[in-house]
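*Asks:* structure_31.pdb is the file, holding PDB, C-alpha atoms:
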```pdb
ATOM      1  CA  MET A   1      12.863 -13.629 -97.555
ATOM      2  CA  THR A   2      15.476 -16.103 -98.794
ATOM      3  CA  VAL A   3      19.112 -15.211 -99.302
ATOM      4  CA  PHE A   4      18.510 -15.408-103.053
ATOM      5  CA  GLY A   5      15.548 -13.049-102.724
ATOM      6  CA  THR A   6      17.670 -10.527-100.824
ATOM      7  CA  LEU A   7      20.385 -10.678-103.475
ATOM      8  CA  ALA A   8      17.852 -10.183-106.230
ATOM      9  CA  LEU A   9      16.413  -7.152-104.447
ATOM     10  CA  ALA A  10      19.909  -5.686-104.000
ATOM     11  CA  ALA A  11      20.645  -6.206-107.673
ATOM     12  CA  GLU A  12      17.533  -4.227-108.590
ATOM     13  CA  ASP A  13      18.430  -1.335-106.315
ATOM     14  CA  PRO A  14      21.596   0.373-107.610
ATOM     15  CA  ILE A  15      23.507   3.081-105.773
ATOM     16  CA  VAL A  16      22.651   6.387-107.430
ATOM     17  CA  ILE A  17      25.199   9.225-107.566
ATOM     18  CA  LYS A  18      23.603  12.516-108.583
ATOM     19  CA  PHE A  19      26.373  14.772-109.932
ATOM     20  CA  ALA A  20      25.190  18.394-110.174
ATOM     21  CA  HIS A  21      27.154  21.184-111.825
ATOM     22  CA  VAL A  22      26.465  24.640-113.240
ATOM     23  CA  VAL A  23      28.090  24.661-116.688
ATOM     24  CA  ALA A  24      27.354  23.196-120.120
ATOM     25  CA  GLU A  25      28.153  19.639-121.219
ATOM     26  CA  ASN A  26      30.813  20.820-123.717
ATOM     27  CA  THR A  27      33.033  22.434-121.039
ATOM     28  CA  PRO A  28      35.959  20.671-119.320
ATOM     29  CA  LYS A  29      33.753  20.165-116.245
ATOM     30  CA  GLY A  30      30.822  18.899-118.304
ATOM     31  CA  LYS A  31      33.002  16.472-120.268
ATOM     32  CA  MET A  32      34.725  15.295-117.092
ATOM     33  CA  ALA A  33      31.357  14.491-115.485
ATOM     34  CA  GLU A  34      30.204  12.513-118.528
ATOM     35  CA  LYS A  35      33.528  10.639-118.612
ATOM     36  CA  PHE A  36      33.093   9.782-114.924
ATOM     37  CA  LYS A  37      29.589   8.470-115.618
ATOM     38  CA  ALA A  38      30.861   6.241-118.433
ATOM     39  CA  LEU A  39      33.828   4.937-116.425
ATOM     40  CA  VAL A  40      31.657   4.052-113.417
ATOM     41  CA  ALA A  41      29.288   2.140-115.709
ATOM     42  CA  GLU A  42      32.290   0.364-117.235
ATOM     43  CA  LYS A  43      33.758  -0.602-113.863
ATOM     44  CA  LEU A  44      30.610  -1.336-111.855
ATOM     45  CA  GLY A  45      27.858  -2.069-114.368
ATOM     46  CA  ASP A  46      24.373  -1.651-112.939
ATOM     47  CA  GLN A  47      25.647  -1.631-109.365
ATOM     48  CA  VAL A  48      26.228   2.145-109.422
ATOM     49  CA  VAL A  49      24.428   4.665-111.627
ATOM     50  CA  VAL A  50      25.799   8.188-112.097
ATOM     51  CA  GLU A  51      23.221  10.804-113.078
ATOM     52  CA  VAL A  52      24.729  14.058-114.378
ATOM     53  CA  TYR A  53      22.753  17.300-114.054
ATOM     54  CA  PRO A  54      24.499  20.170-115.926
ATOM     55  CA  ASN A  55      23.538  23.848-116.296
ATOM     56  CA  SER A  56      22.265  24.233-112.698
ATOM     57  CA  GLN A  57      19.369  21.852-113.488
ATOM     58  CA  LEU A  58      19.307  20.692-109.861
ATOM     59  CA  PHE A  59      21.174  23.339-107.879
ATOM     60  CA  GLY A  60      23.417  26.347-108.372
ATOM     61  CA  ASP A  61      26.815  26.469-106.667
ATOM     62  CA  ASP A  62      25.319  28.583-103.872
ATOM     63  CA  LYS A  63      22.858  25.857-102.827
ATOM     64  CA  VAL A  64      24.490  22.606-103.903
ATOM     65  CA  LEU A  65      26.630  22.085-100.790
ATOM     66  CA  GLU A  66      23.628  22.481 -98.497
ATOM     67  CA  ALA A  67      21.716  20.030-100.698
ATOM     68  CA  MET A  68      24.627  17.594-100.502
ATOM     69  CA  LEU A  69      24.600  17.648 -96.709
ATOM     70  CA  LEU A  70      20.879  16.855 -96.870
ATOM     71  CA  GLY A  71      21.490  13.922 -99.221
ATOM     72  CA  ASP A  72      19.669  15.464-102.200
ATOM     73  CA  VAL A  73      22.804  15.308-104.365
ATOM     74  CA  GLN A  74      25.956  13.203-103.969
ATOM     75  CA  MET A  75      28.625  15.034-105.985
ATOM     76  CA  ALA A  76      29.334  18.535-107.254
ATOM     77  CA  ALA A  77      32.329  20.532-108.480
ATOM     78  CA  PRO A  78      32.064  24.172-107.357
ATOM     79  CA  ALA A  79      34.818  26.721-107.895
ATOM     80  CA  LEU A  80      37.302  26.723-105.014
ATOM     81  CA  SER A  81      36.154  30.233-104.050
ATOM     82  CA  LYS A  82      32.713  28.824-103.213
ATOM     83  CA  PHE A  83      33.918  26.955-100.106
ATOM     84  CA  SER A  84      34.673  30.002 -97.955
ATOM     85  CA  ARG A  85      31.713  29.280 -95.651
ATOM     86  CA  TYR A  86      33.202  25.927 -94.750
ATOM     87  CA  THR A  87      36.968  26.548 -94.525
ATOM     88  CA  ASP A  88      39.547  29.350 -94.731
ATOM     89  CA  VAL A  89      42.429  27.349 -96.185
ATOM     90  CA  LEU A  90      41.027  26.999 -99.721
ATOM     91  CA  ALA A  91      41.240  30.794-100.060
ATOM     92  CA  LEU A  92      44.887  30.035-100.853
ATOM     93  CA  TYR A  93      43.864  29.324-104.454
ATOM     94  CA  ASP A  94      42.533  32.890-104.858
ATOM     95  CA  LEU A  95      45.827  34.552-103.900
ATOM     96  CA  PRO A  96      47.144  36.649-106.820
ATOM     97  CA  PHE A  97      50.373  35.603-108.564
ATOM     98  CA  LEU A  98      50.849  32.556-106.314
ATOM     99  CA  PHE A  99      51.268  30.072-109.172
ATOM    100  CA  GLU A 100      53.226  30.776-112.354
ATOM    101  CA  ASP A 101      51.353  28.207-114.448
ATOM    102  CA  LEU A 102      49.182  25.084-114.321
ATOM    103  CA  ASP A 103      52.233  22.831-114.003
ATOM    104  CA  ALA A 104      52.992  24.508-110.668
ATOM    105  CA  VAL A 105      49.345  24.129-109.656
ATOM    106  CA  ASP A 106      49.510  20.407-110.459
ATOM    107  CA  ARG A 107      52.685  19.941-108.436
ATOM    108  CA  PHE A 108      51.114  21.570-105.407
ATOM    109  CA  GLN A 109      47.692  19.908-105.676
ATOM    110  CA  GLN A 110      49.321  16.482-105.909
ATOM    111  CA  SER A 111      51.628  17.179-102.952
ATOM    112  CA  ASP A 112      50.863  16.073 -99.391
ATOM    113  CA  GLU A 113      49.759  19.623 -98.529
ATOM    114  CA  GLY A 114      47.477  19.888-101.552
ATOM    115  CA  GLN A 115      45.889  16.510-100.876
ATOM    116  CA  THR A 116      45.387  17.331 -97.190
ATOM    117  CA  MET A 117      43.418  20.426 -98.225
ATOM    118  CA  LEU A 118      40.815  18.100 -99.767
ATOM    119  CA  LEU A 119      39.924  17.079 -96.200
ATOM    120  CA  SER A 120      39.758  20.634 -94.818
ATOM    121  CA  MET A 121      35.928  20.538 -94.650
ATOM    122  CA  GLN A 122      35.510  17.041 -93.224
ATOM    123  CA  ASP A 123      34.465  18.446 -89.842
ATOM    124  CA  LYS A 124      31.605  20.186 -91.701
ATOM    125  CA  GLY A 125      30.550  16.938 -93.381
ATOM    126  CA  LEU A 126      32.186  17.497 -96.790
ATOM    127  CA  ILE A 127      35.081  15.629 -98.426
ATOM    128  CA  GLY A 128      37.045  16.762-101.460
ATOM    129  CA  LEU A 129      37.802  13.949-103.905
ATOM    130  CA  GLY A 130      40.000  15.800-106.381
ATOM    131  CA  TYR A 131      40.779  19.014-108.245
ATOM    132  CA  LEU A 132      39.701  20.056-111.728
ATOM    133  CA  HIS A 133      41.286  22.877-113.714
ATOM    134  CA  ASN A 134      39.568  25.618-115.604
ATOM    135  CA  GLY A 135      42.759  27.590-116.028
ATOM    136  CA  MET A 136      44.752  30.729-115.304
ATOM    137  CA  LYS A 137      42.798  33.999-115.151
ATOM    138  CA  GLN A 138      43.218  37.003-117.419
ATOM    139  CA  LEU A 139      42.015  40.595-116.996
ATOM    140  CA  SER A 140      39.591  42.157-119.455
ATOM    141  CA  ALA A 141      38.518  45.797-119.447
ATOM    142  CA  SER A 142      37.041  48.667-121.403
ATOM    143  CA  THR A 143      40.461  50.391-121.413
ATOM    144  CA  PRO A 144      43.976  48.948-121.822
ATOM    145  CA  LEU A 145      45.486  47.479-118.642
ATOM    146  CA  ARG A 146      49.278  47.463-118.773
ATOM    147  CA  VAL A 147      50.256  48.663-115.304
ATOM    148  CA  PRO A 148      48.306  48.681-112.006
ATOM    149  CA  ALA A 149      47.571  52.418-112.282
ATOM    150  CA  ASP A 150      45.455  51.641-115.371
ATOM    151  CA  ALA A 151      42.915  49.864-113.140
ATOM    152  CA  ASP A 152      42.465  52.839-110.805
ATOM    153  CA  GLY A 153      38.771  53.629-110.370
ATOM    154  CA  LEU A 154      37.482  50.849-112.638
ATOM    155  CA  LYS A 155      34.722  48.440-111.560
ATOM    156  CA  PHE A 156      35.544  44.730-111.865
ATOM    157  CA  ARG A 157      33.129  41.847-111.354
ATOM    158  CA  ILE A 158      34.411  39.200-108.942
ATOM    159  CA  MET A 159      33.177  35.964-107.409
ATOM    160  CA  ALA A 160      32.175  36.236-103.760
ATOM    161  CA  SER A 161      35.683  36.038-102.267
ATOM    162  CA  ASP A 162      37.349  38.249 -99.681
ATOM    163  CA  VAL A 163      40.732  37.582-101.302
ATOM    164  CA  LEU A 164      39.547  38.660-104.757
ATOM    165  CA  GLU A 165      37.973  41.748-103.203
ATOM    166  CA  ALA A 166      41.308  42.650-101.588
ATOM    167  CA  GLN A 167      43.151  41.936-104.850
ATOM    168  CA  PHE A 168      41.258  44.615-106.766
ATOM    169  CA  LYS A 169      41.301  47.093-103.893
ATOM    170  CA  ALA A 170      45.099  46.757-103.981
ATOM    171  CA  VAL A 171      45.089  48.378-107.441
ATOM    172  CA  ASP A 172      42.530  51.010-106.365
ATOM    173  CA  ALA A 173      39.753  49.378-108.402
ATOM    174  CA  THR A 174      36.213  48.683-107.195
ATOM    175  CA  PRO A 175      35.309  44.971-106.883
ATOM    176  CA  VAL A 176      31.655  44.121-107.559
ATOM    177  CA  LYS A 177      30.343  40.711-106.433
ATOM    178  CA  LYS A 178      27.881  39.480-109.054
ATOM    179  CA  PRO A 179      26.757  36.051-110.355
ATOM    180  CA  PHE A 180      28.626  34.658-113.352
ATOM    181  CA  SER A 181      25.380  34.520-115.345
ATOM    182  CA  GLU A 182      25.056  38.326-115.205
ATOM    183  CA  VAL A 183      28.584  39.245-116.345
ATOM    184  CA  PHE A 184      27.938  39.598-120.098
ATOM    185  CA  THR A 185      25.005  41.969-119.581
ATOM    186  CA  LEU A 186      26.926  43.999-116.983
ATOM    187  CA  LEU A 187      29.798  44.421-119.433
ATOM    188  CA  GLN A 188      27.527  45.127-122.383
ATOM    189  CA  THR A 189      25.619  47.855-120.519
ATOM    190  CA  LYS A 190      28.877  49.227-119.054
ATOM    191  CA  ALA A 191      27.555  48.747-115.527
ATOM    192  CA  ILE A 192      31.042  47.365-114.860
ATOM    193  CA  ASP A 193      34.333  48.106-116.615
ATOM    194  CA  GLY A 194      35.972  44.717-116.548
ATOM    195  CA  GLN A 195      36.273  41.227-115.118
ATOM    196  CA  GLU A 196      38.769  38.413-114.546
ATOM    197  CA  ASN A 197      38.394  34.978-116.089
ATOM    198  CA  THR A 198      39.989  32.126-117.989
ATOM    199  CA  TRP A 199      40.364  32.065-121.765
ATOM    200  CA  SER A 200      37.669  29.386-122.052
ATOM    201  CA  ASN A 201      35.135  31.371-120.026
ATOM    202  CA  ILE A 202      35.948  34.610-121.851
ATOM    203  CA  TYR A 203      35.389  32.839-125.166
ATOM    204  CA  SER A 204      32.372  30.636-124.342
ATOM    205  CA  LYS A 205      30.483  33.487-122.669
ATOM    206  CA  LYS A 206      31.472  35.947-125.432
ATOM    207  CA  PHE A 207      32.986  38.469-123.022
ATOM    208  CA  PHE A 208      35.558  39.299-125.726
ATOM    209  CA  GLU A 209      32.725  40.711-127.854
ATOM    210  CA  VAL A 210      31.945  43.395-125.260
ATOM    211  CA  GLN A 211      35.463  44.021-123.900
ATOM    212  CA  PRO A 212      37.920  45.717-126.263
ATOM    213  CA  TYR A 213      41.021  44.748-124.245
ATOM    214  CA  ILE A 214      42.232  41.547-122.602
ATOM    215  CA  THR A 215      45.488  41.572-120.650
ATOM    216  CA  GLU A 216      47.240  38.206-120.555
ATOM    217  CA  SER A 217      48.084  38.500-116.876
ATOM    218  CA  ASN A 218      47.840  34.862-115.678
ATOM    219  CA  HIS A 219      47.464  36.507-112.283
ATOM    220  CA  GLY A 220      45.213  33.959-110.643
ATOM    221  CA  LEU A 221      43.691  30.508-110.817
ATOM    222  CA  LEU A 222      40.165  29.289-111.482
ATOM    223  CA  ASP A 223      39.861  25.668-110.394
ATOM    224  CA  TYR A 224      37.145  23.426-109.024
ATOM    225  CA  MET A 225      36.971  20.764-106.346
ATOM    226  CA  VAL A 226      34.892  17.636-106.795
ATOM    227  CA  VAL A 227      33.223  17.194-103.448
ATOM    228  CA  THR A 228      30.900  14.709-101.754
ATOM    229  CA  SER A 229      29.406  14.283 -98.299
ATOM    230  CA  ASP A 230      31.356  12.400 -95.644
ATOM    231  CA  GLU A 231      28.186  10.466 -94.785
ATOM    232  CA  PHE A 232      27.639   9.253 -98.347
ATOM    233  CA  TRP A 233      31.291   8.474 -99.048
ATOM    234  CA  SER A 234      31.971   6.600 -95.827
ATOM    235  CA  GLY A 235      28.693   4.718 -96.297
ATOM    236  CA  LEU A 236      29.795   3.144 -99.573
ATOM    237  CA  PRO A 237      31.122  -0.432 -99.421
ATOM    238  CA  ASP A 238      34.895  -0.631 -99.995
ATOM    239  CA  ASP A 239      34.418  -2.652-103.181
ATOM    240  CA  VAL A 240      32.308   0.209-104.557
ATOM    241  CA  ARG A 241      34.151   3.234-103.156
ATOM    242  CA  GLU A 242      37.540   2.210-104.567
ATOM    243  CA  PRO A 243      36.456   1.752-108.217
ATOM    244  CA  VAL A 244      34.335   4.928-108.028
ATOM    245  CA  LYS A 245      37.398   6.871-106.838
ATOM    246  CA  ALA A 246      39.542   5.270-109.561
ATOM    247  CA  ALA A 247      36.938   6.299-112.170
ATOM    248  CA  LEU A 248      36.912   9.852-110.828
ATOM    249  CA  ASP A 249      40.721  10.117-110.844
ATOM    250  CA  GLU A 250      40.771   9.021-114.490
ATOM    251  CA  ALA A 251      37.959  11.417-115.388
ATOM    252  CA  LEU A 252      39.735  14.331-113.679
ATOM    253  CA  ALA A 253      42.955  13.668-115.599
ATOM    254  CA  TYR A 254      40.863  13.666-118.791
ATOM    255  CA  GLY A 255      39.085  16.907-117.842
ATOM    256  CA  ASN A 256      42.330  18.620-116.871
ATOM    257  CA  GLN A 257      43.876  17.884-120.263
ATOM    258  CA  ILE A 258      40.766  19.269-121.985
ATOM    259  CA  ALA A 259      41.061  22.437-119.879
ATOM    260  CA  ARG A 260      44.698  22.902-120.947
ATOM    261  CA  ASP A 261      43.910  22.361-124.628
ATOM    262  CA  LYS A 262      40.853  24.589-124.524
ATOM    263  CA  ALA A 263      42.760  27.527-123.021
ATOM    264  CA  ILE A 264      45.155  27.497-125.990
ATOM    265  CA  GLU A 265      42.404  27.013-128.574
ATOM    266  CA  ASP A 266      40.057  29.638-127.152
ATOM    267  CA  LYS A 267      42.777  32.269-126.791
ATOM    268  CA  GLN A 268      43.560  31.697-130.478
ATOM    269  CA  LYS A 269      39.881  32.022-131.453
ATOM    270  CA  ILE A 270      39.626  35.314-129.547
ATOM    271  CA  ALA A 271      42.755  36.606-131.248
ATOM    272  CA  GLU A 272      41.458  35.598-134.687
ATOM    273  CA  SER A 273      38.064  37.218-134.072
ATOM    274  CA  GLY A 274      39.567  40.687-134.275
ATOM    275  CA  ARG A 275      36.993  41.836-131.710
ATOM    276  CA  CYS A 276      39.508  42.845-129.057
ATOM    277  CA  GLU A 277      43.189  43.459-128.465
ATOM    278  CA  ILE A 278      45.185  40.950-126.425
ATOM    279  CA  ILE A 279      47.824  42.802-124.392
ATOM    280  CA  GLU A 280      50.990  40.885-123.519
ATOM    281  CA  LEU A 281      52.754  42.351-120.497
ATOM    282  CA  THR A 282      56.483  42.975-120.525
ATOM    283  CA  PRO A 283      58.407  41.447-117.586
ATOM    284  CA  GLU A 284      58.703  44.953-116.109
ATOM    285  CA  GLU A 285      54.943  45.602-116.389
ATOM    286  CA  ARG A 286      54.090  42.225-114.879
ATOM    287  CA  ALA A 287      56.491  42.886-112.002
ATOM    288  CA  GLN A 288      54.492  46.022-111.138
ATOM    289  CA  TRP A 289      51.257  44.003-110.821
ATOM    290  CA  VAL A 290      53.007  41.423-108.642
ATOM    291  CA  GLU A 291      54.465  44.114-106.388
ATOM    292  CA  VAL A 292      51.093  45.808-105.830
ATOM    293  CA  MET A 293      49.018  42.645-105.372
ATOM    294  CA  LYS A 294      51.411  40.442-103.390
ATOM    295  CA  PRO A 295      50.689  42.205-100.045
ATOM    296  CA  VAL A 296      47.254  40.516-100.242
ATOM    297  CA  TRP A 297      49.086  37.335 -99.192
ATOM    298  CA  ASP A 298      50.025  38.937 -95.862
ATOM    299  CA  GLU A 299      46.446  40.005 -95.288
ATOM    300  CA  PHE A 300      45.194  36.397 -95.374
ATOM    301  CA  GLN A 301      48.238  34.412 -94.237
ATOM    302  CA  GLU A 302      46.921  33.961 -90.703
ATOM    303  CA  ASP A 303      43.658  32.418 -91.945
ATOM    304  CA  ILE A 304      45.258  30.247 -94.625
ATOM    305  CA  GLY A 305      48.548  29.389 -92.918
ATOM    306  CA  VAL A 306      52.017  30.736 -93.708
ATOM    307  CA  GLU A 307      53.520  27.263 -94.224
ATOM    308  CA  LEU A 308      50.771  26.342 -96.687
ATOM    309  CA  ILE A 309      51.346  29.500 -98.745
ATOM    310  CA  GLU A 310      55.097  28.850 -98.741
ATOM    311  CA  ALA A 311      54.550  25.253 -99.908
ATOM    312  CA  ALA A 312      52.300  26.444-102.719
ATOM    313  CA  TYR A 313      54.784  29.097-103.845
ATOM    314  CA  ALA A 314      57.616  26.545-103.721
ATOM    315  CA  ALA A 315      55.732  24.457-106.306
ATOM    316  CA  ASN A 316      56.861  27.009-108.907
ATOM    317  CA  GLN A 317      60.406  25.590-108.598
ATOM    318  CA  THR A 318      61.008  22.546-110.764
ATOM    319  CA  ASP A 319      64.451  21.547-109.479
TER     320      ASP A 319
END
```
Step by step, read the file and then write its structure as structure tokens.
*Replies:*
Amino acid sequence: MTVFGTLALAAEDPIVIKFAHVVAENTPKGKMAEKFKALVAEKLGDQVVVEVYPNSQLFGDDKVLEAMLLGDVQMAAPALSKFSRYTDVLALYDLPFLFEDLDAVDRFQQSDEGQTMLLSMQDKGLIGLGYLHNGMKQLSASTPLRVPADADGLKFRIMASDVLEAQFKAVDATPVKKPFSEVFTLLQTKAIDGQENTWSNIYSKKFFEVQPYITESNHGLLDYMVVTSDEFWSGLPDDVREPVKAALDEALAYGNQIARDKAIEDKQKIAESGRCEIIELTPEERAQWVEVMKPVWDEFQEDIGVELIEAAYAANQTD
């Protein structure tokens, strides 16, 4: 085959990036993925094609990382809690009351420590390419939650996370590990008493329609990591990898702003619905939750690393 024939063949054979995620297209994650697809097309034309598969069309978060290591999918964005099989350090993001707000989260994630955490699974064949916000978590329940004693004996749905399990045990509640897709029915049938989630998830999944009380606790973080396989990423030519990464960075900034805006908008929609009461904690009430839940940090500091936890907590200081 001539050199020209080889070039023609290469031109007909684009690099395909299958991006699988589990939520709808109109979510911050869904919009970020579509933005990434458009930016890659803009920067690289037909050389690279991004195919986005929302709503678990290809894989759920429980299977997508295995599929990635097999080469069946090239990118995904699971919740940070989903990586516990591959590394202990990302459990940091589940620690209760570690970050005061998303600005603190941004400062830490963009720091040297936060960026190094993206590579914490490289020995397992996975590389993190960036973080995406969903937002700060709130507590919803069938009864008002103002102080930790109010949670005593209640059942709360959690993601599969040892830290989140310890967090609810700290307030004498019962954590129940169940898939996100089952939460509405569990709440509706009163099989569980409450759950923790972001304003956007509480609104989009209509949890506020079956939970009479939401406590604005901002006690935890729900974020995602865009991840790829080391084999795929290192196999890309430099002149492809760099513009793909630039496109992703731009798409993540876009998605993160959507997440911030949506949290404000969806909280307002819930408030206006009149379906539930939003409880705002006094500083004294919030301090009680912090006092009871903060010992969870000590329980996991050996696995995560004391210095890493201290660096994350220091991100709350702006001066």
*Asks:* Counting only C-alpha atoms, what is within 6 Å of segment 218-233 of chain A, bar same-chain residues fewer than 2 positions away, as an MDAnalysis selection string?
*Replies:* chainID A and resid 74:80 96:97 125:138 216 235:236
*Asks:* Identify all residues satisfying the PyMOL selection byres ((chain A and resi 172-185) around 9) in the given file; provide them as a PyMOL selection string.
*Replies:* chain A and resi 148-149+151-161+164-171+186-192+195+205-207+210
*Asks:* Convert the current residue selection to file output with C-alpha atoms, as a tab-separated table (two decimals), in the frame of the given file.
*Replies:*
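Written file, part.tsv:
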```tsv
chain	number	residue	atom	x	y	z
A	148	PRO	CA	48.31	48.68	-112.01
A	149	ALA	CA	47.57	52.42	-112.28
A	151	ALA	CA	42.92	49.86	-113.14
A	152	ASP	CA	42.46	52.84	-110.80
A	153	GLY	CA	38.77	53.63	-110.37
A	154	LEU	CA	37.48	50.85	-112.64
A	155	LYS	CA	34.72	48.44	-111.56
A	156	PHE	CA	35.54	44.73	-111.86
A	157	ARG	CA	33.13	41.85	-111.35
A	158	ILE	CA	34.41	39.20	-108.94
A	159	MET	CA	33.18	35.96	-107.41
A	160	ALA	CA	32.17	36.24	-103.76
A	161	SER	CA	35.68	36.04	-102.27
A	164	LEU	CA	39.55	38.66	-104.76
A	165	GLU	CA	37.97	41.75	-103.20
A	166	ALA	CA	41.31	42.65	-101.59
A	167	GLN	CA	43.15	41.94	-104.85
A	168	PHE	CA	41.26	44.62	-106.77
A	169	LYS	CA	41.30	47.09	-103.89
A	170	ALA	CA	45.10	46.76	-103.98
A	171	VAL	CA	45.09	48.38	-107.44
A	186	LEU	CA	26.93	44.00	-116.98
A	187	LEU	CA	29.80	44.42	-119.43
A	188	GLN	CA	27.53	45.13	-122.38
A	189	THR	CA	25.62	47.86	-120.52
A	190	LYS	CA	28.88	49.23	-119.05
A	191	ALA	CA	27.56	48.75	-115.53
A	192	ILE	CA	31.04	47.36	-114.86
A	195	GLN	CA	36.27	41.23	-115.12
A	205	LYS	CA	30.48	33.49	-122.67
A	206	LYS	CA	31.47	35.95	-125.43
A	207	PHE	CA	32.99	38.47	-123.02
A	210	VAL	CA	31.94	43.40	-125.26
```
*Asks:* Suppose you want the space between atom CA of Asp13 of chain A and atom CA of Leu70 of chain A; what is it in Å?
*Replies:*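 Interatomic distance, atom CA of Asp13 of chain A to atom CA of Leu70 of chain A: 20.6 Å.
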*Asks:* Point out the residue among A:Pro28, A:Gly114, A:Pro283, A:Gly194 with the least atom-to-atom distance to Ala259 of chain A, counting all atoms listed in the file.
*Replies:* A:Pro28
*Asks:* I'd like to know which of A:Ser142, A:Ser234, A:Ala247, A:Tyr53 is closest to Phe208 of chain A, using all atoms listed in the file.
*Replies:*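 Answer, going by the shortest atom-to-atom distance: A:Ser142.
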*Asks:* For Val89 of chain A, which residue out of A:Leu308, A:Val147, A:Leu65, A:Val22 is the nearest one, using all atoms listed in the file?
*Replies:*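 Looking only at the distances to Val89 of chain A, the closest residue turns out to be A:Leu308.
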*Asks:* Selected by the PyMOL selection byres ((chain A and resi 25) around 12) in the shown coordinates: which residues, as a PyMOL selection string?
*Replies:* chain A and resi 20-24+26-35+52-57+255
*Asks:* Just to be explicit: take each residue in the selection above, keep C-alpha atoms, and write the result as a PDB file, in the frame of the given file.
*Replies:*
```pdb
ATOM      1  CA  ALA A  20      25.190  18.394-110.174  1.00  0.00           C
ATOM      2  CA  HIS A  21      27.154  21.184-111.825  1.00  0.00           C
ATOM      3  CA  VAL A  22      26.465  24.640-113.240  1.00  0.00           C
ATOM      4  CA  VAL A  23      28.090  24.661-116.688  1.00  0.00           C
ATOM      5  CA  ALA A  24      27.354  23.196-120.120  1.00  0.00           C
ATOM      6  CA  ASN A  26      30.813  20.820-123.717  1.00  0.00           C
ATOM      7  CA  THR A  27      33.033  22.434-121.039  1.00  0.00           C
ATOM      8  CA  PRO A  28      35.959  20.671-119.320  1.00  0.00           C
ATOM      9  CA  LYS A  29      33.753  20.165-116.245  1.00  0.00           C
ATOM     10  CA  GLY A  30      30.822  18.899-118.304  1.00  0.00           C
ATOM     11  CA  LYS A  31      33.002  16.472-120.268  1.00  0.00           C
ATOM     12  CA  MET A  32      34.725  15.295-117.092  1.00  0.00           C
ATOM     13  CA  ALA A  33      31.357  14.491-115.485  1.00  0.00           C
ATOM     14  CA  GLU A  34      30.204  12.513-118.528  1.00  0.00           C
ATOM     15  CA  LYS A  35      33.528  10.639-118.612  1.00  0.00           C
ATOM     16  CA  VAL A  52      24.729  14.058-114.378  1.00  0.00           C
ATOM     17  CA  TYR A  53      22.753  17.300-114.054  1.00  0.00           C
ATOM     18  CA  PRO A  54      24.499  20.170-115.926  1.00  0.00           C
ATOM     19  CA  ASN A  55      23.538  23.848-116.296  1.00  0.00           C
ATOM     20  CA  SER A  56      22.265  24.233-112.698  1.00  0.00           C
ATOM     21  CA  GLN A  57      19.369  21.852-113.488  1.00  0.00           C
ATOM     22  CA  GLY A 255      39.085  16.907-117.842  1.00  0.00           C
TER      23      GLY A 255
END
```
*Asks:* Please enumerate the residues selected by the PyMOL selection byres ((chain A and resi 91) around 8) when evaluated against the supplied file, formatted as JSON, numbers by chain.
*Replies:* {"A": [80, 81, 84, 88, 89, 90, 92, 93, 94, 95, 161, 163, 304]}
*Asks:* Hey, which of A:Asp239, A:Lys269, A:Glu100, A:Thr215 ends up closest to Asp150 of chain A? Count only C-alpha atoms.
*Replies:*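 The answer is A:Thr215, which sits nearest to Asp150 of chain A.
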*Asks:* Report, in Å with one decimal, the straight-line distance from atom CA of Thr143 of chain A to atom CA of Ser200 of chain A.
*Replies:* 21.2 Å
*Asks:* Which residues, written as a list in words, have at least one atom at most 12 Å from Glu272 of chain A, with all atoms listed in the file counted and residues fewer than 6 positions away on the same chain left out?
*Replies:*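 Final neighbour list, sorted by chain and number: Tyr203, Phe208, Glu265, Asp266 and Ile278 of chain A.
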*Asks:* Nearest residue to Ser204 of chain A out of A:Lys18, A:Arg275, A:Arg85, A:Lys262, using all atoms listed in the file?
*Replies:*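 Between A:Lys18, A:Arg275, A:Arg85, A:Lys262, the residue approaching Ser204 of chain A most closely is A:Lys262.
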